[in-house]
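Student: If it helps, the file is called start-v2.cif and holds mmCIF, C-alpha atoms:
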```cif
data_upload
#
loop_
_atom_site.label_atom_id
_atom_site.label_comp_id
_atom_site.auth_asym_id
_atom_site.auth_seq_id
_atom_site.Cartn_x
_atom_site.Cartn_y
_atom_site.Cartn_z
CA MET A 1 0.00 0.00 0.00
CA LEU A 2 2.75 2.44 1.00
CA LEU A 3 4.85 1.50 -2.02
CA GLY A 4 1.83 1.78 -4.33
CA GLY A 5 0.95 5.26 -3.02
CA LEU A 6 4.55 6.40 -3.35
CA ALA A 7 4.83 4.97 -6.89
CA VAL A 8 1.64 6.72 -8.07
CA SER A 9 2.63 9.98 -6.40
CA PHE A 10 6.18 10.09 -7.74
CA GLY A 11 5.01 8.93 -11.17
CA LEU A 12 2.61 11.89 -11.31
CA MET A 13 5.36 14.22 -10.07
CA ALA A 14 7.72 13.01 -12.80
CA PHE A 15 5.04 13.49 -15.47
CA GLY A 16 4.18 16.96 -14.16
CA LEU A 17 7.86 17.97 -14.12
CA VAL A 18 8.31 16.72 -17.71
CA LEU A 19 5.26 18.77 -18.77
CA ALA A 20 6.65 21.81 -16.91
CA GLY A 21 9.93 21.36 -18.79
CA LEU A 22 8.20 20.97 -22.16
CA VAL A 23 6.01 24.04 -21.69
CA PRO A 24 8.10 26.76 -20.04
CA GLY A 25 5.92 29.30 -18.27
CA ALA A 26 2.97 26.94 -17.88
CA PRO A 27 1.27 27.24 -14.45
CA ALA A 28 2.92 24.90 -11.96
CA GLY A 29 1.78 26.37 -8.63
CA TYR A 30 -0.99 25.60 -6.16
CA LEU A 31 -4.38 24.51 -7.50
CA PRO A 32 -7.53 24.02 -5.37
CA LEU A 33 -8.93 20.50 -5.41
CA SER A 34 -11.91 21.53 -7.56
CA GLN A 35 -9.67 22.82 -10.37
CA ILE A 36 -7.48 19.72 -10.65
CA PRO A 37 -9.78 17.62 -12.94
CA GLY A 38 -9.99 20.44 -15.51
CA GLY A 39 -6.24 20.94 -15.35
CA LEU A 40 -5.63 17.24 -15.94
CA LYS A 41 -7.74 17.36 -19.12
CA ARG A 42 -5.71 20.34 -20.38
CA LEU A 43 -2.43 18.56 -19.43
CA GLU A 44 -1.39 21.40 -17.13
CA PRO A 45 1.73 20.64 -15.04
CA ALA A 46 0.13 22.23 -11.96
CA ALA A 47 -2.75 19.74 -12.02
CA PHE A 48 -0.44 16.70 -12.12
CA LEU A 49 1.88 18.11 -9.44
CA ASN A 50 -0.99 18.98 -7.08
CA LEU A 51 -2.58 15.57 -7.65
CA ALA A 52 0.79 13.95 -6.89
CA LEU A 53 0.99 15.78 -3.56
CA LEU A 54 -2.59 14.81 -2.69
CA CYS A 55 -1.83 11.15 -3.49
CA LEU A 56 1.16 11.33 -1.17
CA MET A 57 -1.01 12.84 1.57
CA VAL A 58 -3.66 10.11 1.46
CA THR A 59 -1.13 7.23 1.37
CA PRO A 60 -0.83 6.86 5.19
CA LEU A 61 -4.62 7.05 5.48
CA ALA A 62 -4.93 4.22 2.95
CA ARG A 63 -2.35 2.25 4.95
CA VAL A 64 -4.53 2.54 8.06
CA ALA A 65 -7.59 1.43 6.06
CA THR A 66 -5.63 -1.60 4.85
CA SER A 67 -4.74 -2.48 8.44
CA ILE A 68 -8.45 -2.50 9.33
CA ALA A 69 -9.18 -4.98 6.55
CA ALA A 70 -6.15 -7.14 7.36
CA SER A 71 -7.01 -7.40 11.05
CA ALA A 72 -10.66 -8.19 10.21
CA VAL A 73 -9.56 -11.01 7.92
CA ALA A 74 -7.29 -12.32 10.71
CA ARG A 75 -10.25 -12.02 13.15
CA ASP A 76 -8.09 -9.87 15.43
CA TRP A 77 -11.07 -7.81 16.60
CA THR A 78 -9.25 -5.83 19.28
CA PHE A 79 -6.67 -4.55 16.80
CA CYS A 80 -9.40 -4.07 14.18
CA ALA A 81 -11.38 -1.82 16.56
CA LEU A 82 -8.28 0.19 17.52
CA THR A 83 -7.29 0.73 13.88
CA ALA A 84 -10.85 1.68 12.93
CA ALA A 85 -10.87 4.22 15.77
CA VAL A 86 -7.67 5.79 14.43
CA PHE A 87 -9.15 5.90 10.92
CA LEU A 88 -12.39 7.52 12.10
CA VAL A 89 -10.57 10.16 14.15
CA LEU A 90 -8.39 10.96 11.11
CA VAL A 91 -11.46 11.36 8.90
CA LEU A 92 -12.99 13.56 11.60
CA SER A 93 -9.84 15.69 11.63
CA LEU A 94 -10.06 16.13 7.85
CA ILE A 95 -13.69 17.25 8.18
CA LEU A 96 -12.76 19.67 10.98
CA GLY A 97 -9.87 20.96 8.89
CA VAL A 98 -12.06 21.68 5.90
CA SER A 99 -14.74 23.32 8.00
CA MET B 1 10.20 28.44 -12.27
CA PHE B 2 11.36 25.03 -11.02
CA THR B 3 14.91 25.15 -12.34
CA SER B 4 16.00 28.02 -10.09
CA VAL B 5 15.06 26.44 -6.76
CA PHE B 6 14.66 22.73 -7.50
CA PRO B 7 18.29 21.57 -6.91
CA ALA B 8 18.72 23.55 -3.69
CA VAL B 9 15.37 22.52 -2.19
CA MET B 10 15.93 18.90 -3.23
CA PHE B 11 19.36 18.89 -1.57
CA VAL B 12 17.87 20.23 1.65
CA GLY B 13 15.21 17.49 1.40
CA LEU B 14 17.90 14.86 0.82
CA LEU B 15 19.79 15.89 3.95
CA THR B 16 16.74 16.01 6.20
CA GLY B 17 15.28 12.80 4.74
CA THR B 18 18.50 10.88 5.38
CA PHE B 19 18.88 12.07 8.93
CA GLY B 20 15.17 12.06 9.74
CA SER B 21 14.70 8.43 8.72
CA MET B 22 17.76 7.40 10.74
CA VAL B 23 16.52 8.86 14.02
CA GLY B 24 12.75 8.46 13.60
CA LEU B 25 11.88 12.03 12.69
CA GLY B 26 10.08 13.25 9.62
CA GLY B 27 12.68 15.97 9.40
CA GLY B 28 10.20 18.82 9.75
CA VAL B 29 12.03 20.44 12.63
CA LEU B 30 15.19 20.49 10.51
CA LEU B 31 13.54 21.30 7.20
CA VAL B 32 11.58 24.41 8.21
CA PRO B 33 14.58 26.40 9.47
CA LEU B 34 16.72 25.29 6.51
CA LEU B 35 14.06 26.34 3.98
CA THR B 36 13.20 29.63 5.64
CA LEU B 37 16.66 30.74 6.78
CA GLY B 38 18.69 29.14 4.01
CA LEU B 39 16.49 29.55 0.95
CA GLY B 40 14.08 32.33 1.91
CA VAL B 41 10.93 30.22 1.56
CA PRO B 42 7.90 31.80 3.35
CA ILE B 43 7.26 30.15 6.72
CA HIS B 44 3.79 28.76 5.90
CA GLN B 45 5.00 27.23 2.64
CA ALA B 46 8.00 25.77 4.49
CA ILE B 47 5.73 24.18 7.12
CA GLY B 48 3.46 22.84 4.36
CA ALA B 49 6.47 21.35 2.57
CA SER B 50 7.72 19.90 5.84
CA LEU B 51 4.41 18.12 6.41
CA VAL B 52 4.69 16.61 2.92
CA ALA B 53 8.27 15.68 3.81
CA VAL B 54 7.11 14.01 7.03
CA ILE B 55 4.64 11.88 5.06
CA ALA B 56 7.19 11.03 2.33
CA THR B 57 9.86 10.08 4.89
CA SER B 58 7.39 8.06 6.90
CA SER B 59 6.06 6.16 3.88
CA ALA B 60 9.50 5.47 2.39
CA ALA B 61 11.12 4.51 5.69
CA ALA B 62 8.12 2.49 6.88
CA THR B 63 8.28 0.41 3.70
CA ALA B 64 11.90 -0.51 4.40
CA TYR B 65 11.48 -0.99 8.16
CA LEU B 66 8.33 -3.10 7.76
CA GLU B 67 10.29 -5.47 5.51
CA ASP B 68 12.92 -5.80 8.25
CA HIS B 69 10.20 -6.28 10.92
CA PHE B 70 11.63 -3.37 12.95
CA THR B 71 8.23 -1.61 13.00
CA ASN B 72 5.80 -2.60 15.75
CA VAL B 73 2.54 -1.89 13.90
CA ARG B 74 0.31 -3.00 16.78
CA LEU B 75 2.03 -0.67 19.22
CA ALA B 76 1.94 2.15 16.63
CA MET B 77 -1.80 1.83 16.14
CA VAL B 78 -2.52 1.68 19.88
CA LEU B 79 -0.48 4.84 20.47
CA GLU B 80 -2.04 6.56 17.44
CA THR B 81 -5.46 6.42 19.12
CA THR B 82 -4.34 9.15 21.54
CA THR B 83 -1.89 10.83 19.12
CA VAL B 84 -4.58 11.73 16.57
CA CYS B 85 -6.89 12.99 19.34
CA GLY B 86 -4.05 15.18 20.58
CA ALA B 87 -3.37 16.36 17.02
CA ILE B 88 -6.97 17.45 16.56
CA LEU B 89 -7.02 19.33 19.86
CA GLY B 90 -3.65 20.85 19.00
CA GLY B 91 -4.88 22.00 15.63
CA LEU B 92 -8.05 23.50 17.08
CA SER B 93 -6.27 25.23 19.96
CA ALA B 94 -3.28 26.39 17.92
CA VAL B 95 -4.49 29.97 17.72
CA ALA B 96 -5.75 30.13 21.32
CA LEU B 97 -2.60 29.16 23.25
CA SER B 98 0.53 31.18 23.88
CA ARG B 99 3.04 29.80 21.44
CA THR B 100 5.91 31.37 23.38
CA VAL B 101 5.08 29.58 26.63
CA LEU B 102 4.48 26.30 24.84
CA THR B 103 7.73 26.58 22.92
CA GLY B 104 9.66 27.31 26.11
CA LEU B 105 8.18 24.28 27.87
CA PHE B 106 8.83 22.15 24.81
CA ALA B 107 12.47 23.26 24.76
CA ALA B 108 12.85 22.31 28.43
CA ALA B 109 11.26 18.91 27.83
CA LEU B 110 13.53 18.24 24.85
CA ALA B 111 16.61 19.17 26.84
CA PHE B 112 15.56 16.90 29.72
CA VAL B 113 14.90 13.94 27.44
CA GLY B 114 18.14 14.54 25.52
CA VAL B 115 20.22 14.48 28.69
CA ALA B 116 18.31 11.43 29.97
CA MET B 117 19.04 9.54 26.76
CA VAL B 118 22.75 10.35 26.88
CA CYS B 119 22.99 9.24 30.53
CA ARG B 120 20.93 6.07 30.39
CA GLN B 121 22.43 2.60 30.16
CA THR B 122 22.04 0.79 26.86
CA ARG B 123 19.56 -2.06 27.08
CA ASP B 124 19.01 -2.71 23.43
CA ASP B 125 19.22 -6.47 23.82
CA THR B 126 17.58 -6.88 27.22
CA PRO B 127 14.16 -8.56 27.11
CA MET B 128 11.51 -6.63 29.01
CA GLY B 129 8.55 -8.01 30.92
CA GLU B 130 5.31 -7.94 28.97
CA THR B 131 2.93 -5.69 30.86
CA ALA B 132 0.55 -4.55 28.16
CA GLY B 133 -1.98 -7.28 28.89
CA SER B 134 -4.07 -8.87 26.16
CA LEU B 135 -2.93 -6.39 23.52
CA ALA B 136 0.28 -8.42 23.03
CA LEU B 137 2.33 -5.36 22.12
CA GLY B 138 5.79 -6.89 22.42
CA GLY B 139 7.81 -7.70 19.35
CA SER B 140 11.00 -9.11 17.94
CA TYR B 141 13.34 -8.42 15.07
CA TYR B 142 16.71 -9.53 13.75
CA ASP B 143 19.40 -7.00 14.68
CA PRO B 144 21.99 -6.90 11.87
CA VAL B 145 24.63 -5.35 14.15
CA LEU B 146 24.14 -7.73 17.10
CA ARG B 147 23.62 -10.56 14.58
CA ARG B 148 20.84 -12.12 16.56
CA ARG B 149 17.11 -11.79 17.18
CA VAL B 150 16.07 -9.18 19.76
CA ARG B 151 12.82 -9.82 21.67
CA TYR B 152 11.21 -7.14 23.79
CA GLY B 153 8.10 -6.41 25.82
CA VAL B 154 6.29 -3.13 26.29
CA ARG B 155 5.82 -1.53 29.71
CA ASN B 156 4.12 1.62 31.00
CA LEU B 157 1.44 1.67 28.29
CA PRO B 158 -0.63 4.40 30.07
CA VAL B 159 2.44 6.64 30.17
CA GLY B 160 3.09 5.93 26.49
CA LEU B 161 -0.50 6.81 25.62
CA ALA B 162 -0.31 10.06 27.59
CA VAL B 163 2.99 11.08 25.98
CA SER B 164 1.61 10.17 22.55
CA PHE B 165 -1.33 12.48 23.21
CA VAL B 166 1.11 15.30 24.01
CA ALA B 167 3.16 14.43 20.89
CA GLY B 168 0.04 14.65 18.76
CA ASN B 169 -0.88 17.93 20.42
CA ILE B 170 2.54 19.42 19.66
CA SER B 171 2.32 18.06 16.13
CA GLY B 172 -1.01 19.80 15.57
CA LEU B 173 0.29 23.04 17.07
CA LEU B 174 3.66 23.24 15.34
CA GLY B 175 3.06 21.28 12.14
CA ILE B 176 5.71 18.63 12.81
CA GLY B 177 5.44 14.84 12.90
CA GLY B 178 6.14 14.51 16.63
CA GLY B 179 8.86 11.86 16.32
CA VAL B 180 11.09 14.02 18.49
CA ILE B 181 8.78 13.14 21.41
CA LYS B 182 7.64 9.67 20.35
CA VAL B 183 11.09 8.07 20.07
CA PRO B 184 12.25 9.07 23.58
CA ALA B 185 8.88 7.99 25.02
CA LEU B 186 9.10 4.59 23.35
CA VAL B 187 12.70 4.09 24.49
CA LEU B 188 12.73 5.64 27.95
CA ALA B 189 9.17 5.10 29.21
CA MET B 190 8.11 1.93 27.40
CA GLY B 191 11.38 -0.01 27.15
CA VAL B 192 11.29 -0.44 23.37
CA PRO B 193 14.76 -0.90 21.80
CA ILE B 194 15.93 2.18 19.87
CA ARG B 195 15.89 0.40 16.50
CA ALA B 196 12.24 -0.65 16.91
CA ALA B 197 11.38 2.76 18.40
CA VAL B 198 12.80 4.64 15.41
CA ALA B 199 10.95 2.40 12.94
CA THR B 200 7.66 2.56 14.87
CA SER B 201 7.91 6.34 15.20
CA ASN B 202 8.60 6.63 11.47
CA PHE B 203 5.41 4.70 10.79
CA MET B 204 3.36 6.83 13.19
CA ILE B 205 4.47 10.31 12.11
CA GLY B 206 3.08 9.90 8.60
CA VAL B 207 -0.36 9.11 9.99
CA THR B 208 -0.18 12.04 12.41
CA ALA B 209 0.88 14.52 9.72
CA VAL B 210 -1.99 13.69 7.34
CA ALA B 211 -4.63 15.89 8.96
CA SER B 212 -2.40 18.94 9.30
CA ALA B 213 -1.16 18.51 5.73
CA TYR B 214 -4.68 18.62 4.31
CA ILE B 215 -5.45 21.80 6.27
CA TYR B 216 -2.32 23.43 4.86
CA TYR B 217 -3.17 22.24 1.35
CA SER B 218 -6.74 23.59 1.50
CA ARG B 219 -5.30 26.97 2.55
CA GLY B 220 -2.89 27.04 -0.41
CA PHE B 221 0.29 26.64 1.64
CA ILE B 222 1.47 23.42 -0.01
CA VAL B 223 2.88 24.76 -3.26
CA PRO B 224 4.45 22.34 -5.77
CA GLN B 225 7.47 24.61 -6.40
CA VAL B 226 8.65 23.89 -2.85
CA ALA B 227 6.81 20.71 -1.85
CA VAL B 228 7.68 18.60 -4.94
CA PRO B 229 11.49 18.99 -4.81
CA THR B 230 11.29 18.57 -1.04
CA ALA B 231 9.32 15.33 -1.39
CA VAL B 232 11.71 13.95 -4.04
CA GLY B 233 14.80 14.82 -1.96
CA VAL B 234 13.32 13.52 1.26
CA PHE B 235 12.23 10.27 -0.39
CA LEU B 236 15.73 9.60 -1.74
CA GLY B 237 17.24 10.61 1.60
CA ALA B 238 14.92 8.28 3.51
CA LEU B 239 15.93 5.36 1.29
CA LEU B 240 19.58 6.18 1.98
CA GLY B 241 19.02 6.68 5.72
CA THR B 242 17.27 3.34 6.23
CA ARG B 243 20.29 1.61 4.68
CA LEU B 244 22.86 3.57 6.69
CA VAL B 245 21.05 2.98 9.99
CA LYS B 246 21.52 -0.80 9.77
CA ARG B 247 25.30 -0.30 10.00
CA LEU B 248 25.16 1.86 13.12
CA GLN B 249 25.35 0.57 16.68
CA ALA B 250 22.08 1.18 18.57
CA ARG B 251 24.00 3.15 21.21
CA TRP B 252 25.31 5.55 18.54
CA LEU B 253 21.77 6.06 17.31
CA GLU B 254 20.73 7.05 20.82
CA VAL B 255 23.62 9.47 21.22
CA ILE B 256 22.98 11.07 17.82
CA PHE B 257 19.30 11.40 18.64
CA ALA B 258 20.07 12.93 22.04
CA LEU B 259 22.39 15.50 20.43
CA VAL B 260 19.67 16.38 17.93
CA LEU B 261 17.23 16.88 20.80
CA LEU B 262 19.64 19.24 22.55
CA VAL B 263 20.12 21.26 19.36
CA PHE B 264 16.35 21.52 18.92
CA ALA B 265 15.98 22.47 22.59
CA ALA B 266 18.45 25.32 22.13
CA GLN B 267 16.71 26.40 18.93
CA MET B 268 13.28 26.39 20.56
CA ALA B 269 14.55 28.19 23.68
CA LEU B 270 15.89 30.95 21.42
CA GLN B 271 12.57 30.96 19.59
CA ALA B 272 10.66 31.33 22.87
CA LEU B 273 12.89 34.27 23.78
CA GLY B 274 12.17 35.89 20.44
CA LEU B 275 15.74 35.42 19.20
CA ALA B 276 15.19 32.79 16.50
CA TRP B 277 13.63 32.35 13.09
CA HIS B 278 9.96 31.83 13.99
#
```
In structure tokens, write the structure found in this file.
Tutor:
Amino acid sequence: MLLGGLAVSFGLMAFGLVLAGLVPGAPAGYLPLSQIPGGLKRLEPAAFLNLALLCLMVTPLARVATSIAASAVARDWTFCALTAAVFLVLVLSLILGVS
Amino acid sequence: MFTSVFPAVMFVGLLTGTFGSMVGLGGGVLLVPLLTLGLGVPIHQAIGASLVAVIATSSAAATAYLEDHFTNVRLAMVLETTTVCGAILGGLSAVALSRTVLTGLFAAALAFVGVAMVCRQTRDDTPMGETAGSLALGGSYYDPVLRRRVRYGVRNLPVGLAVSFVAGNISGLLGIGGGVIKVPALVLAMGVPIRAAVATSNFMIGVTAVASAYIYYSRGFIVPQVAVPTAVGVFLGALLGTRLVKRLQARWLEVIFALVLLVFAAQMALQALGLAWH
């Protein structure tokens, strides 16, 4: 999971940097989440670089989600409950951060 | 736009990633002063980049440490239950508390822990009694320097949970991973060997930094011009650091970490007195 998240993130970074090199002066700064899909369609470096950073940021969260599933499969309910609590508090923190 | 700052920022990321992964830090406490003082990056963008660096270091180092079975995932998740609560409260109270007082107390705590780690006796290979009840939080790993398997138990879980809460709180307040508190707590209070403590802290700091990172992103403080070269440098540095750390004696790791704590303590004391970069 961690390797997968890192691979996707750094792949997007590499692509975004290549685009930035091919089109000097193209926007490569911060983009709000809502503007990323449009930027991806227009092959803007900024969209790929911002998406890469977002992928990196959700990788640990995905790792926690994977731990929940793994402990459920192993019927380790104590660990499953603890991991789920961590995941829920993290999601809550994201909601609080946005609001 | 990228070519002017990319090599310098990436080099700074490489340095902090190497060192951070070796001692269980995300490198944020090193990265922010280097970016702001050394390269003139605005403070909020530097903190945003440092949070990305914390996550990149954590993910890269955790991958390597998990393969070596140094990371105690069960212990990490148990401690994260209080760490993330502390991080939320820290984030919410960040604007309400006196940063100067907090920074001064933090500096004193770092100095105390640093001195305690220098003075303590090494017990890297001493098995500890398992006192964490049915959670079975102890672990074992093969130590490449000792050339044998090290087994350990975990003691003082309530103390570890309380310190983790404080670490999360500091992380939310200052935008760092909190490894600078977690590693000493794991080693000194809970009896976890330094090698396992560093790996477990590395795993935890990425999870802790996620919430703060998203807040900084939504406010426009994570800019690719700084965060991307930082992430690339830190990732490469973390890969290098996890290889170097296997060749170091555990005692040297502790001494290096203690010295880093004392440097940070001095830095934060100056900051509290209004004499430093913040």
Student: Compute the chain A side of the contact with chain B at 7 Å, counting all atoms listed in the file, and hand it back as number ranges by chain.
Tutor: A: 2-3, 28-30, 32, 49-50, 56-57, 60-61, 82-83, 85-86, 89-90, 93-94, 97-98
Student: How many Å lie between CA of Gly179 in chain B and CA of Phe79 in chain A, rounded to one decimal?
Tutor: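 Straight-line distance from CA of Gly179 in chain B to CA of Phe79 in chain A works out to 22.6 Å.
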Student: Carefully work through the PyMOL selection byres ((chain B and resi 19) around 12) for this structure and note down the residues it includes, as a PDB file with C-alpha atoms, in the frame of the given file.
Tutor:
```pdb
ATOM      1  CA  VAL B  12      17.870  20.230   1.650  1.00  0.00           C
ATOM      2  CA  GLY B  13      15.210  17.490   1.400  1.00  0.00           C
ATOM      3  CA  LEU B  14      17.900  14.860   0.820  1.00  0.00           C
ATOM      4  CA  LEU B  15      19.790  15.890   3.950  1.00  0.00           C
ATOM      5  CA  THR B  16      16.740  16.010   6.200  1.00  0.00           C
ATOM      6  CA  GLY B  17      15.280  12.800   4.740  1.00  0.00           C
ATOM      7  CA  THR B  18      18.500  10.880   5.380  1.00  0.00           C
ATOM      8  CA  GLY B  20      15.170  12.060   9.740  1.00  0.00           C
ATOM      9  CA  SER B  21      14.700   8.430   8.720  1.00  0.00           C
ATOM     10  CA  MET B  22      17.760   7.400  10.740  1.00  0.00           C
ATOM     11  CA  VAL B  23      16.520   8.860  14.020  1.00  0.00           C
ATOM     12  CA  GLY B  24      12.750   8.460  13.600  1.00  0.00           C
ATOM     13  CA  LEU B  25      11.880  12.030  12.690  1.00  0.00           C
ATOM     14  CA  GLY B  26      10.080  13.250   9.620  1.00  0.00           C
ATOM     15  CA  GLY B  27      12.680  15.970   9.400  1.00  0.00           C
ATOM     16  CA  GLY B  28      10.200  18.820   9.750  1.00  0.00           C
ATOM     17  CA  VAL B  29      12.030  20.440  12.630  1.00  0.00           C
ATOM     18  CA  LEU B  30      15.190  20.490  10.510  1.00  0.00           C
ATOM     19  CA  LEU B  31      13.540  21.300   7.200  1.00  0.00           C
ATOM     20  CA  THR B  57       9.860  10.080   4.890  1.00  0.00           C
ATOM     21  CA  ALA B  61      11.120   4.510   5.690  1.00  0.00           C
ATOM     22  CA  VAL B 198      12.800   4.640  15.410  1.00  0.00           C
ATOM     23  CA  ASN B 202       8.600   6.630  11.470  1.00  0.00           C
ATOM     24  CA  GLY B 233      14.800  14.820  -1.960  1.00  0.00           C
ATOM     25  CA  VAL B 234      13.320  13.520   1.260  1.00  0.00           C
ATOM     26  CA  PHE B 235      12.230  10.270  -0.390  1.00  0.00           C
ATOM     27  CA  LEU B 236      15.730   9.600  -1.740  1.00  0.00           C
ATOM     28  CA  GLY B 237      17.240  10.610   1.600  1.00  0.00           C
ATOM     29  CA  ALA B 238      14.920   8.280   3.510  1.00  0.00           C
ATOM     30  CA  LEU B 239      15.930   5.360   1.290  1.00  0.00           C
ATOM     31  CA  LEU B 240      19.580   6.180   1.980  1.00  0.00           C
ATOM     32  CA  GLY B 241      19.020   6.680   5.720  1.00  0.00           C
ATOM     33  CA  THR B 242      17.270   3.340   6.230  1.00  0.00           C
ATOM     34  CA  ARG B 243      20.290   1.610   4.680  1.00  0.00           C
ATOM     35  CA  LEU B 244      22.860   3.570   6.690  1.00  0.00           C
ATOM     36  CA  VAL B 245      21.050   2.980   9.990  1.00  0.00           C
ATOM     37  CA  LEU B 253      21.770   6.060  17.310  1.00  0.00           C
ATOM     38  CA  ILE B 256      22.980  11.070  17.820  1.00  0.00           C
ATOM     39  CA  PHE B 257      19.300  11.400  18.640  1.00  0.00           C
ATOM     40  CA  VAL B 260      19.670  16.380  17.930  1.00  0.00           C
TER      41      VAL B 260
END
```
Student: What gap, in Å, lies between CA of Val150 in chain B and CA of Pro193 in chain B?
Tutor: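 Distance reported for this atom pair: 8.6 Å.
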Student: Quote the spacing between CA of Val145 in chain B and CA of Phe70 in chain B in Å to one decimal place.
Tutor: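 CA of Phe70 in chain B lies 13.2 Å from CA of Val145 in chain B.
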Student: Using all atoms listed in the file, which residues sit within 9 Å of Met13 in chain A once same-chain residues fewer than 2 positions away are excluded, as an NGL selection string?
Tutor: (:A and (8-11 or 15-18 or 45 or 48-53)) or (:B and (228 or 232))
Student: Could you give me, as a ChimeraX atom specification, the residues within 10 Å of Ala266 in chain B, counting all atoms listed in the file and dropping anything in the same chain fewer than 5 positions from it?
Tutor: /B:104,107-108,110-111,260-261,271-272,276
Student: Now that the selection is made, can you save its residues with C-alpha atoms as a compact mmCIF listing (two decimals), in the frame of the given file?
Tutor:
```
# COMPACT_ATOMS: atom_id res chain seq x y z
CA GLY B 104 9.66 27.31 26.11
CA ALA B 107 12.47 23.26 24.76
CA ALA B 108 12.85 22.31 28.43
CA LEU B 110 13.53 18.24 24.85
CA ALA B 111 16.61 19.17 26.84
CA VAL B 260 19.67 16.38 17.93
CA LEU B 261 17.23 16.88 20.80
CA GLN B 271 12.57 30.96 19.59
CA ALA B 272 10.66 31.33 22.87
CA ALA B 276 15.19 32.79 16.50
```
Student: When distances are computed from only C-alpha atoms, which of B:Val118, B:Ile170, B:Pro158, B:Arg247 shows the smallest separation from Ala189 in chain B?
Tutor: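 Ranking B:Val118, B:Ile170, B:Pro158, B:Arg247 by distance to Ala189 in chain B, first place goes to B:Pro158.
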Student: Excluding same-chain residues fewer than 6 positions from Ala81 in chain A, what lies within 10 Å of it counting all atoms listed in the file, as an MDAnalysis selection string?
Tutor: chainID A and resid 68 71:72 87
Student: Box for range 83-95 of chain A: with edges along x, y and z, all listed atoms inside and 8 Å added on each side, what are the centre and edge lengths in Å to one decimal, as lines of an AutoDock Vina configuration file?
Tutor:
```
center_x = -10.5
center_y = 9.0
center_z = 11.8
size_x = 22.4
size_y = 32.5
size_z = 23.9
```
